[in-house]
Amino acid sequence: MVNRKLGFVGESVASAAEQLESIRARMERARRRFGPPPERVELVAVSKTFDAAAIRPFLEAGQRVFGENRVQEAKEKWPGLRAEFPDVRLHLIGPLQTTKAREAVSLFDVIETVDRDRLAGVLRAEMRRAQRELPVFVQVNIGGEPQKAGIAPVEAVAFAGRCRAEHGLDVAGLMCIPPEGVPPGPYFAHLAVLGREAGVEQLSKGMSGDFEIAIAMGATHVRVGSALFGARGQGGRGTVNPMMS
Ligand SMILES: *Cc1c(COP(=O)(O)O)cnc(C)c1O
C-alpha cells in the first residue's frame, strides 16, 4: 500500500480499499454474531505516525473517520487533507494537556480522552470561545494502571456526570485501553457496565488485536491502526504493510 512512488496511486488506493473492506467485514461479522445492538460500529482509522501520502489512499477509498494521538502531529498532517476531503471527522485519542486544548478544539471533531475536571473545564471554555461544540468521551483507566491516562473506574460515572452538569460538555460515551498481556474481554465488559450507569450510548474500545472482542462487548467505536496501515516503526514513521505492498 502506502506506496509513495508516483505512478502507483491507483494501486495504493485499491490496496487501501481492500484493507478497509477486510476490516469492515470482520467488524460486521462480529457485530452480527454477538449482537445485541449497536446497529452499527464506527471504524476509527488510527493514522498516527503515518504521513499524508500514506493516509490519502484510505480517504480516496472512502474512509472518513480517523484517529490521531498527538495534537502537533495532527496539525502537521490534517489541515491539508481536510482541504481535499472536507467531510473528514478526526478523533483525538491520545492524552491532552490543557495548554493544547485550544489547538485540539480547532483541529479535532471528537475528543476521546477527557479524564480530569481541569481539562473538562478548559475544553468547555475553548469550545465556547471557538463556538465549536465537540462531543467528548470520558477516558477510563479501566485496568487501574498507574502509567495510563484515564479516570479511575470507581470515579468514572460521577466524573461523566460532572462533565455534563458542571462543565457543560456533550458526553457521548466512554473510552478505554485495557491492560496489555491479559484477556481484554472483562475490561471491555466493565466499560459497558460503567457506560450504562453513566447513561451514555457510545463506547470506544478495541484496537487491531482485539476489536472483535470489543464489539462482542458492545463497542460502538473501534480504533484500528496497524491492521489497516501496517506496522508502525519503533516510535518512528509508519512502515509498509507487507500485506499491501
Ligand atoms: C495507536 C492507538 C490505537 C491503534 O492501535 P493498533 O493496535 O495499531 O490498532 C488505538 N487506540 C489508541 C488510544 C492508540 O493510541
# chains A, B, ... in the order shown; residues from 1 in each chain; ligands from 1

call {"tool": "residues_near_ligand", "arguments": {"ligand": "ligand 1", "cutoff": "9 Å", "atoms": "only C-alpha atoms and all ligand atoms", "output": "VMD selection string"}}
result
chain A and resid 44 to 48 67 to 69 92 to 95 112 to 113 175 to 177 204 to 211 222 to 232

call {"tool": "residues_around", "arguments": {"residues": "stretch 180-192 of chain A", "least_positions_apart": "4", "cutoff": "9 Å", "atoms": "only C-alpha atoms", "output": "ChimeraX atom specification"}}
result
/A:140,142-143,153,174-176,196-197,203,205-206,210,213-219

call {"tool": "closest_residue", "arguments": {"among": "A:His91, A:Arg24, A:Lys77, A:Arg82", "to": "A:Ala54", "atoms": "only C-alpha atoms"}}
result
A:Lys77

call {"tool": "closest_residue", "arguments": {"among": "A:Ala17, A:Leu134, A:Gly121, A:Arg129", "to": "A:Ala165", "atoms": "only C-alpha atoms"}}
result
A:Gly121

call {"tool": "residues_around", "arguments": {"residues": "A:Arg26", "least_positions_apart": "4", "cutoff": "8 Å", "atoms": "only C-alpha atoms", "output": "list in words"}}
result
Ser22, Ala30 and Glu212 of chain A

call {"tool": "write_last_selection", "arguments": {"atoms": "N, CA and C atoms", "output": "PDB file, in the first residue's frame"}}
result
ATOM      1  N   SER A  22     -11.699  -5.548   4.307  1.00  0.00           N
ATOM      2  CA  SER A  22     -11.473  -6.729   5.146  1.00  0.00           C
ATOM      3  C   SER A  22     -11.749  -6.411   6.626  1.00  0.00           C
ATOM      4  N   ALA A  30     -18.538  -9.747  13.491  1.00  0.00           N
ATOM      5  CA  ALA A  30     -18.558  -9.738  14.959  1.00  0.00           C
ATOM      6  C   ALA A  30     -19.858  -9.118  15.467  1.00  0.00           C
ATOM      7  N   GLU A 212     -12.714  -7.319  17.594  1.00  0.00           N
ATOM      8  CA  GLU A 212     -13.895  -8.192  17.531  1.00  0.00           C
ATOM      9  C   GLU A 212     -14.416  -8.505  18.934  1.00  0.00           C
TER      10      GLU A 212
END

call {"tool": "residues_around", "arguments": {"residues": "A:Arg64", "least_positions_apart": "5", "cutoff": "8 Å", "atoms": "only C-alpha atoms", "output": "JSON, numbers by chain"}}
result
{"A": [59, 87, 88, 89]}

call {"tool": "select_by_dssp", "arguments": {"residues": "stretch 14-221 of chain A", "states": "helix (DSSP H, G or I)", "output": "PyMOL selection string"}}
result
chain A and resi 14-34+52-60+71-84+98-107+117-130+153-165+185-198+211-216

call {"tool": "closest_residue", "arguments": {"among": "A:Leu123, A:Glu201, A:Leu81, A:Ala61", "to": "A:Pro38", "atoms": "only C-alpha atoms"}}
result
A:Glu201

call {"tool": "atom_distance", "arguments": {"atom1": "atom CA of A:Phe137", "atom2": "atom CA of A:Ile111"}}
result
6.3 Å

call {"tool": "select_by_dssp", "arguments": {"residues": "stretch 141-217 of chain A", "states": "strand (DSSP E)", "output": "JSON, numbers by chain"}}
result
{"A": [170, 171, 172, 173, 174, 175, 176, 202, 203, 204]}

call {"tool": "residues_around", "arguments": {"residues": "A:Arg124", "least_positions_apart": "3", "cutoff": "7 Å", "atoms": "only C-alpha atoms", "output": "MDAnalysis selection string"}}
result
chainID A and resid 120:121 127:128 167:169

call {"tool": "residues_around", "arguments": {"residues": "A:Leu96", "least_positions_apart": "3", "cutoff": "8 Å", "atoms": "only C-alpha atoms", "output": "ChimeraX atom specification"}}
result
/A:71,100-101,113-114,119

call {"tool": "decode", "arguments": {"residues": "stretch 189-203 of chain A", "atoms": "N, CA, C and O atoms", "output": "compact mmCIF listing (two decimals), in the first residue's frame"}}
result
# COMPACT_ATOMS: atom_id res chain seq x y z
N ALA A 189 -16.08 -5.44 29.07
CA ALA A 189 -17.39 -5.63 29.68
C ALA A 189 -17.61 -4.61 30.80
O ALA A 189 -18.69 -4.04 30.94
N HIS A 190 -16.57 -4.38 31.60
CA HIS A 190 -16.66 -3.41 32.69
C HIS A 190 -16.99 -2.01 32.14
O HIS A 190 -17.82 -1.30 32.70
N LEU A 191 -16.36 -1.66 31.03
CA LEU A 191 -16.63 -0.33 30.45
C LEU A 191 -18.11 -0.22 30.04
O LEU A 191 -18.73 0.83 30.20
N ALA A 192 -18.65 -1.34 29.53
CA ALA A 192 -20.06 -1.32 29.12
C ALA A 192 -20.98 -1.08 30.33
O ALA A 192 -21.95 -0.33 30.24
N VAL A 193 -20.64 -1.70 31.45
CA VAL A 193 -21.44 -1.51 32.67
C VAL A 193 -21.36 -0.04 33.11
O VAL A 193 -22.38 0.59 33.42
N LEU A 194 -20.14 0.51 33.10
CA LEU A 194 -19.97 1.91 33.51
C LEU A 194 -20.73 2.83 32.56
O LEU A 194 -21.33 3.82 32.98
N GLY A 195 -20.70 2.50 31.27
CA GLY A 195 -21.41 3.32 30.29
C GLY A 195 -22.90 3.35 30.56
O GLY A 195 -23.55 4.39 30.48
N ARG A 196 -23.43 2.18 30.91
CA ARG A 196 -24.86 2.13 31.21
C ARG A 196 -25.18 2.96 32.46
O ARG A 196 -26.13 3.72 32.50
N GLU A 197 -24.32 2.82 33.48
CA GLU A 197 -24.55 3.60 34.71
C GLU A 197 -24.44 5.09 34.45
O GLU A 197 -25.13 5.89 35.08
N ALA A 198 -23.53 5.46 33.55
CA ALA A 198 -23.33 6.89 33.26
C ALA A 198 -24.39 7.41 32.29
O ALA A 198 -24.46 8.62 32.03
N GLY A 199 -25.16 6.51 31.72
CA GLY A 199 -26.22 6.93 30.80
C GLY A 199 -25.70 7.42 29.46
O GLY A 199 -26.28 8.30 28.84
N VAL A 200 -24.59 6.82 29.01
CA VAL A 200 -24.07 7.21 27.69
C VAL A 200 -24.29 6.07 26.70
O VAL A 200 -24.36 4.90 27.07
N GLU A 201 -24.35 6.44 25.43
CA GLU A 201 -24.67 5.47 24.39
C GLU A 201 -23.43 4.85 23.77
O GLU A 201 -23.49 3.74 23.26
N GLN A 202 -22.33 5.59 23.76
CA GLN A 202 -21.21 5.17 22.92
C GLN A 202 -20.04 4.64 23.74
O GLN A 202 -19.74 5.14 24.83
N LEU A 203 -19.37 3.64 23.18
CA LEU A 203 -18.22 3.03 23.84
C LEU A 203 -17.11 2.86 22.81
O LEU A 203 -17.28 2.16 21.82
